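Data block for my_file_33.cif (mmCIF, C-alpha atoms):
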```cif
data_protein
#
loop_
_atom_site.group_PDB
_atom_site.id
_atom_site.type_symbol
_atom_site.label_atom_id
_atom_site.label_comp_id
_atom_site.auth_asym_id
_atom_site.auth_seq_id
_atom_site.Cartn_x
_atom_site.Cartn_y
_atom_site.Cartn_z
ATOM 1 C CA MET V 126 7.633 -18.672 -5.966
ATOM 2 C CA LYS V 127 7.776 -15.615 -3.753
ATOM 3 C CA ARG V 128 5.023 -14.866 -1.302
ATOM 4 C CA ILE V 129 3.172 -11.741 -0.208
ATOM 5 C CA VAL V 130 0.708 -10.993 2.565
ATOM 6 C CA ILE V 131 -1.784 -8.172 2.035
ATOM 7 C CA LEU V 132 -3.261 -6.117 4.880
ATOM 8 C CA ILE V 133 -6.601 -4.379 4.333
ATOM 9 C CA SER V 134 -9.238 -2.513 6.288
ATOM 10 C CA GLY V 135 -11.994 -1.779 3.783
ATOM 11 C CA ARG V 136 -13.386 -2.274 0.313
ATOM 12 C CA GLY V 137 -10.309 -3.929 -1.194
ATOM 13 C CA SER V 138 -10.077 -2.054 -4.502
ATOM 14 C CA ASN V 139 -6.271 -2.128 -4.515
ATOM 15 C CA LEU V 140 -6.416 -5.787 -3.485
ATOM 16 C CA GLN V 141 -8.585 -6.427 -6.545
ATOM 17 C CA SER V 142 -6.103 -4.622 -8.789
ATOM 18 C CA ILE V 143 -3.289 -6.811 -7.456
ATOM 19 C CA LEU V 144 -5.336 -9.946 -8.089
ATOM 20 C CA ASP V 145 -6.228 -8.744 -11.592
ATOM 21 C CA ALA V 146 -2.544 -8.128 -12.404
ATOM 22 C CA LYS V 147 -1.862 -11.876 -12.125
ATOM 23 C CA LEU V 148 1.592 -11.360 -10.695
ATOM 24 C CA ASP V 149 3.982 -14.289 -10.572
ATOM 25 C CA VAL V 150 3.596 -14.514 -6.807
ATOM 26 C CA GLN V 151 1.693 -16.468 -4.212
ATOM 27 C CA ILE V 152 -0.697 -14.292 -2.246
ATOM 28 C CA ALA V 153 -0.272 -16.241 0.952
ATOM 29 C CA ALA V 154 -2.977 -14.419 2.879
ATOM 30 C CA VAL V 155 -5.158 -11.350 3.156
ATOM 31 C CA ILE V 156 -5.462 -10.104 6.728
ATOM 32 C CA SER V 157 -7.891 -7.448 7.933
ATOM 33 C CA ASN V 158 -8.255 -5.572 11.199
ATOM 34 C CA ASN V 159 -11.902 -4.962 10.298
ATOM 35 C CA PRO V 160 -14.344 -7.900 10.361
ATOM 36 C CA ALA V 161 -16.695 -5.992 8.027
ATOM 37 C CA ALA V 162 -14.077 -5.287 5.351
ATOM 38 C CA ARG V 163 -15.495 -6.055 1.927
ATOM 39 C CA GLY V 164 -12.023 -6.990 0.745
ATOM 40 C CA ILE V 165 -12.238 -10.191 2.777
ATOM 41 C CA ASP V 166 -14.997 -11.427 0.451
ATOM 42 C CA ILE V 167 -12.875 -10.511 -2.579
ATOM 43 C CA ALA V 168 -9.977 -12.566 -1.233
ATOM 44 C CA ARG V 169 -12.157 -15.550 -0.382
ATOM 45 C CA SER V 170 -13.747 -15.475 -3.829
ATOM 46 C CA ALA V 171 -10.241 -15.653 -5.300
ATOM 47 C CA GLY V 172 -9.364 -18.638 -3.121
ATOM 48 C CA VAL V 173 -6.898 -16.696 -0.970
ATOM 49 C CA ASP V 174 -6.472 -17.569 2.691
ATOM 50 C CA THR V 175 -7.928 -14.875 4.969
ATOM 51 C CA ALA V 176 -7.712 -13.875 8.603
ATOM 52 C CA VAL V 177 -9.343 -11.176 10.718
ATOM 53 C CA ILE V 178 -7.555 -9.683 13.710
ATOM 54 C CA ASP V 179 -9.875 -7.035 15.102
ATOM 55 C CA HIS V 180 -7.767 -4.309 16.738
ATOM 56 C CA ARG V 181 -10.750 -3.401 18.941
ATOM 57 C CA ALA V 182 -10.423 -6.725 20.727
ATOM 58 C CA PHE V 183 -7.061 -5.726 22.204
ATOM 59 C CA PRO V 184 -6.339 -3.406 25.131
ATOM 60 C CA ASP V 185 -3.615 -1.469 23.306
ATOM 61 C CA ARG V 186 -1.738 -1.109 20.025
ATOM 62 C CA ALA V 187 1.243 -3.158 21.184
ATOM 63 C CA SER V 188 -0.785 -6.262 21.983
ATOM 64 C CA PHE V 189 -2.670 -6.011 18.685
ATOM 65 C CA GLU V 190 0.533 -5.676 16.693
ATOM 66 C CA ALA V 191 2.181 -8.573 18.488
ATOM 67 C CA VAL V 192 -0.576 -10.912 17.340
ATOM 68 C CA LEU V 193 -0.660 -9.362 13.867
ATOM 69 C CA ALA V 194 3.108 -9.685 13.414
ATOM 70 C CA ASP V 195 3.090 -13.326 14.497
ATOM 71 C CA LYS V 196 0.248 -14.044 12.101
ATOM 72 C CA VAL V 197 2.056 -12.352 9.226
ATOM 73 C CA ASP V 198 5.260 -14.238 10.035
ATOM 74 C CA SER V 199 3.381 -17.534 10.001
ATOM 75 C CA TYR V 200 2.884 -17.085 6.234
ATOM 76 C CA ARG V 201 6.615 -16.415 5.609
ATOM 77 C CA PRO V 202 6.084 -13.485 3.213
ATOM 78 C CA ASP V 203 8.807 -11.899 1.129
ATOM 79 C CA LEU V 204 6.777 -8.676 1.107
ATOM 80 C CA LEU V 205 4.000 -7.219 3.251
ATOM 81 C CA VAL V 206 1.596 -5.116 1.178
ATOM 82 C CA LEU V 207 -0.632 -2.478 2.793
ATOM 83 C CA ALA V 208 -3.710 -2.022 0.609
ATOM 84 C CA GLY V 209 -5.958 0.398 2.435
ATOM 85 C CA PHE V 210 -4.831 -0.761 5.870
ATOM 86 C CA MET V 211 -6.029 2.041 8.132
ATOM 87 C CA ARG V 212 -3.822 1.513 11.157
ATOM 88 C CA ILE V 213 -0.627 3.375 11.948
ATOM 89 C CA LEU V 214 2.095 0.800 12.582
ATOM 90 C CA THR V 215 4.557 1.280 15.418
ATOM 91 C CA GLU V 216 8.310 1.390 15.082
ATOM 92 C CA GLY V 217 8.684 -2.090 16.593
ATOM 93 C CA PHE V 218 6.400 -3.680 13.996
ATOM 94 C CA ILE V 219 8.065 -1.821 11.137
ATOM 95 C CA LYS V 220 11.548 -2.829 12.245
ATOM 96 C CA ARG V 221 10.473 -6.473 12.401
ATOM 97 C CA PHE V 222 9.719 -6.318 8.660
ATOM 98 C CA ARG V 223 12.346 -3.742 7.724
ATOM 99 C CA ASN V 224 12.363 -2.859 4.014
ATOM 100 C CA ARG V 225 9.595 -5.389 3.425
ATOM 101 C CA ILE V 226 6.469 -3.258 3.971
ATOM 102 C CA MET V 227 5.061 -1.449 0.949
ATOM 103 C CA ASN V 228 2.204 1.051 1.005
ATOM 104 C CA ILE V 229 0.272 3.228 -1.414
ATOM 105 C CA HIS V 230 -0.727 6.724 -0.366
ATOM 106 C CA PRO V 231 -3.235 8.974 -2.171
ATOM 107 C CA SER V 232 -1.017 12.022 -2.658
ATOM 108 C CA LEU V 233 2.286 12.977 -4.217
ATOM 109 C CA LEU V 234 4.405 12.544 -1.113
ATOM 110 C CA PRO V 235 5.880 14.314 0.721
ATOM 111 C CA ALA V 236 2.859 16.549 0.085
ATOM 112 C CA PHE V 237 -0.241 15.785 2.140
ATOM 113 C CA PRO V 238 0.788 12.904 4.399
ATOM 114 C CA GLY V 239 -1.930 11.450 6.597
ATOM 115 C CA VAL V 240 -5.651 11.509 5.850
ATOM 116 C CA ASP V 241 -8.087 13.688 3.869
ATOM 117 C CA THR V 242 -5.530 14.137 1.102
ATOM 118 C CA HIS V 243 -7.981 15.044 -1.676
ATOM 119 C CA ARG V 244 -9.753 17.691 0.400
ATOM 120 C CA ARG V 245 -6.429 19.184 1.435
ATOM 121 C CA ALA V 246 -5.153 19.198 -2.147
ATOM 122 C CA LEU V 247 -8.241 21.078 -3.302
ATOM 123 C CA GLN V 248 -8.020 23.521 -0.426
ATOM 124 C CA GLY V 249 -4.324 24.079 -1.149
ATOM 125 C CA GLY V 250 -5.029 24.980 -4.746
ATOM 126 C CA VAL V 251 -2.513 22.526 -6.224
ATOM 127 C CA ARG V 252 -2.622 21.947 -9.978
ATOM 128 C CA ILE V 253 -1.276 18.373 -9.824
ATOM 129 C CA HIS V 254 -2.267 15.628 -7.398
ATOM 130 C CA GLY V 255 -1.699 11.884 -7.433
ATOM 131 C CA CYS V 256 -0.496 8.843 -5.528
ATOM 132 C CA THR V 257 2.736 7.353 -4.246
ATOM 133 C CA VAL V 258 3.996 3.826 -3.652
ATOM 134 C CA HIS V 259 6.576 3.855 -0.879
ATOM 135 C CA PHE V 260 8.215 1.679 1.722
ATOM 136 C CA VAL V 261 6.988 2.097 5.269
ATOM 137 C CA THR V 262 9.262 3.593 7.904
ATOM 138 C CA PRO V 263 8.524 4.878 11.417
ATOM 139 C CA ASP V 264 8.237 8.399 9.938
ATOM 140 C CA LEU V 265 4.591 8.390 8.815
ATOM 141 C CA ASP V 266 4.181 8.542 5.014
ATOM 142 C CA HIS V 267 7.799 9.554 4.471
ATOM 143 C CA GLY V 268 9.455 6.246 3.566
ATOM 144 C CA PRO V 269 11.524 5.697 0.405
ATOM 145 C CA ILE V 270 9.446 6.357 -2.699
ATOM 146 C CA VAL V 271 9.206 3.673 -5.389
ATOM 147 C CA VAL V 272 6.921 5.288 -7.975
ATOM 148 C CA GLN V 273 4.393 8.094 -8.255
ATOM 149 C CA ALA V 274 1.519 8.823 -10.623
ATOM 150 C CA ALA V 275 0.208 12.330 -11.239
ATOM 151 C CA VAL V 276 -3.233 13.535 -12.273
ATOM 152 C CA PRO V 277 -4.324 17.095 -13.073
ATOM 153 C CA VAL V 278 -6.640 18.915 -10.716
ATOM 154 C CA LEU V 279 -9.398 20.114 -13.042
ATOM 155 C CA PRO V 280 -11.696 23.124 -12.746
ATOM 156 C CA GLY V 281 -14.849 22.120 -10.919
ATOM 157 C CA ASP V 282 -13.247 19.099 -9.228
ATOM 158 C CA ASP V 283 -14.676 17.948 -5.938
ATOM 159 C CA GLU V 284 -13.189 15.332 -3.624
ATOM 160 C CA ASP V 285 -15.043 12.429 -5.226
ATOM 161 C CA ARG V 286 -14.053 13.242 -8.806
ATOM 162 C CA LEU V 287 -10.447 13.852 -7.873
ATOM 163 C CA ALA V 288 -10.306 10.721 -5.715
ATOM 164 C CA ALA V 289 -11.667 8.592 -8.562
ATOM 165 C CA ARG V 290 -8.912 9.713 -10.954
ATOM 166 C CA VAL V 291 -6.244 9.141 -8.316
ATOM 167 C CA LEU V 292 -7.625 5.688 -7.497
ATOM 168 C CA GLU V 293 -7.423 4.697 -11.154
ATOM 169 C CA GLN V 294 -3.698 5.457 -11.037
ATOM 170 C CA GLU V 295 -3.270 3.604 -7.739
ATOM 171 C CA HIS V 296 -4.598 0.504 -9.460
ATOM 172 C CA ARG V 297 -2.120 1.086 -12.276
ATOM 173 C CA ILE V 298 1.125 1.575 -10.357
ATOM 174 C CA TYR V 299 0.759 -0.556 -7.228
ATOM 175 C CA PRO V 300 0.885 -3.969 -8.933
ATOM 176 C CA GLU V 301 3.837 -2.751 -11.016
ATOM 177 C CA ALA V 302 5.778 -1.653 -7.937
ATOM 178 C CA ILE V 303 5.134 -5.030 -6.314
ATOM 179 C CA ARG V 304 6.351 -6.751 -9.468
ATOM 180 C CA TRP V 305 9.584 -4.724 -9.423
ATOM 181 C CA TYR V 306 10.226 -5.736 -5.821
ATOM 182 C CA LEU V 307 9.599 -9.415 -6.502
ATOM 183 C CA ASP V 308 11.872 -9.277 -9.558
ATOM 184 C CA GLY V 309 14.686 -7.862 -7.418
ATOM 185 C CA ARG V 310 14.720 -4.566 -9.317
ATOM 186 C CA LEU V 311 14.411 -2.255 -6.304
ATOM 187 C CA LYS V 312 17.586 -1.149 -4.535
ATOM 188 C CA PHE V 313 17.782 0.907 -1.341
ATOM 189 C CA ASN V 314 20.199 3.793 -1.112
ATOM 190 C CA GLY V 315 19.549 5.509 2.199
ATOM 191 C CA ASN V 316 16.100 7.056 1.967
ATOM 192 C CA ARG V 317 15.918 6.541 -1.778
ATOM 193 C CA VAL V 318 14.906 3.589 -3.917
ATOM 194 C CA THR V 319 16.236 3.025 -7.413
ATOM 195 C CA VAL V 320 14.615 0.796 -10.003
ATOM 196 C CA SER V 321 17.000 -1.158 -12.183
ATOM 197 C CA ALA V 322 16.123 -1.484 -15.862
ATOM 198 C CA GLY V 323 14.509 -4.656 -17.096
ATOM 199 C CA ARG V 324 13.294 -5.056 -20.654
ATOM 200 C CA SER V 325 12.541 -1.347 -20.607
ATOM 201 C CA ALA V 326 13.499 1.283 -18.063
ATOM 202 C CA PRO V 327 10.534 2.239 -15.854
ATOM 203 C CA ALA V 328 9.588 5.887 -15.529
ATOM 204 C CA ALA V 329 10.092 7.604 -12.192
ATOM 205 C CA MET V 330 6.620 9.112 -12.573
ATOM 206 C CA VAL V 331 3.606 7.904 -14.488
ATOM 207 C CA CYS V 332 1.251 10.524 -15.909
ATOM 208 C CA PRO V 333 -2.028 9.581 -17.609
#
```
Could you show the structure in this file as C-alpha cells?
Amino acid sequence: MKRIVILISGRGSNLQSILDAKLDVQIAAVISNNPAARGIDIARSAGVDTAVIDHRAFPDRASFEAVLADKVDSYRPDLLVLAGFMRILTEGFIKRFRNRIMNIHPSLLPAFPGVDTHRRALQGGVRIHGCTVHFVTPDLDHGPIVVQAAVPVLPGDDEDRLAARVLEQEHRIYPEAIRWYLDGRLKFNGNRVTVSAGRSAPAAMVCP
C-alpha cells in the first residue's frame, strides 16, 4: 500500500476530508509546524501518527526545513500532501521531493496566488472563483495544475460566504486528486499534468 504524509498548520478541514474519503492509502503521519493546530487532534483521533516541528524553535528557515525534510523522509511517503500548511517551502526542500508535493490553493490559479484570495477576488469583481489542486514548485502557487473547481461569486457575497463555498469544493476535489496520483493516473508534461482515463474520464474542471 502506498503511503502519504500530510502537513498542516491549522484546523485540519482538508485533512478531515482526506480521512473521510477512505482512500486506499496509508496515512503514515500528520506533521504540523504549529503546536496548537486543531488538525493534530483530528489525526490522533483517527489513530494516525503525528509530529510537531515548531518553526519558531529554529533560527532560520533552512534549519527548520532540514529537520522537517528528514522527518518526512523517515516515513517513506510516496506523496507529500499540504493541507493548510502555512509555510512557504524553499527550492531545496521542493527539489528533495520533486513531483511529490501536492497542494490545494483557494483560487483558480494562476489568478490570486498567495494569501487573502477571497478578499482579492471580491475586490477584483470576478464572476467565478474557486480552488486549485497543483504540484508544488519553487515558483509560488504556479506549479502544474491537476484539477480545479469553480464556484459563482454571488451578489451580496462577503469573504466568509465565498470562502465557505470554495472550501466545500476543496473537500470534494483534493481527495480525488490524491487518488489519481496514487493510482498512477497523473502524468507530467513540462508544466502540465494530464489525467489518464480510468473507469470514466475525469473532468478538467468541476463545477457545482
What does the PyMOL selection byres ((chain V and resi 270) around 10) select in this file, as a list in words?
-> Met227, Asn228, Ile229, Leu233, Leu234, Pro235, Thr257, Val258, His259, Phe260, Val261, Asp266, His267, Gly268, Pro269, Val271, Val272, Gln273, Asn316, Arg317, Val318, Thr319 and Ala329 of chain V
As a check of understanding: the span from CA of Ile143 in chain V to CA of Glu216 in chain V is 26.6 Å
Between CA of Leu207 in chain V and CA of Ile131 in chain V, what is the spacing in Å?
->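 CA of Ile131 in chain V sits 5.9 Å away from CA of Leu207 in chain V.
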State, in Å with one decimal place, the distance from CA of His243 in chain V to CA of Glu284 in chain V.
->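 Pair CA of His243 in chain V / CA of Glu284 in chain V returns 5.6 Å.
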Residue neighbourhood Met126 in chain V, 10 Å, only C-alpha atoms, exclusion window fewer than 4 positions, as number ranges by chain = V: 149-151, 203, 307
Which residues come within 10 Å of Val192 in chain V, counting all atoms listed in the file, excluding same-chain residues fewer than 6 positions away, as a VMD selection string?
-> chain V and resid 178 180 183 198
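Run against this file, the PyMOL selection byres ((chain V and resi 136) around 6) gives back Gly135, Gly137, Ser138, Ala162, Arg163 and Gly164 of chain V.
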Step by step, work through what the PyMOL selection byres ((chain V and resi 206) around 12) selects in the shown file, and finish by giving those residues as a ChimeraX atom specification.
-> /V:128-133,139-140,143,152-157,197,202-205,207-210,222,224-229,258-261,299-300,302-304,306-307
Pick from V:Lys312, V:Lys220, V:Arg244, V:Lys147, whichever lies nearest to Arg286 in chain V using only C-alpha atoms =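 Ranked by minimum distance to Arg286 in chain V, first place goes to V:Arg244.
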Return as AutoDock Vina command-line options the box centre and box size in Å, one decimal, for an axis-aligned box around all listed atoms of range 304-321 of chain V padded by 5 Å per side.
```
--center_x 13.3 --center_y -1.2 --center_z -5.0 --size_x 23.8 --size_y 26.5 --size_z 24.4
```
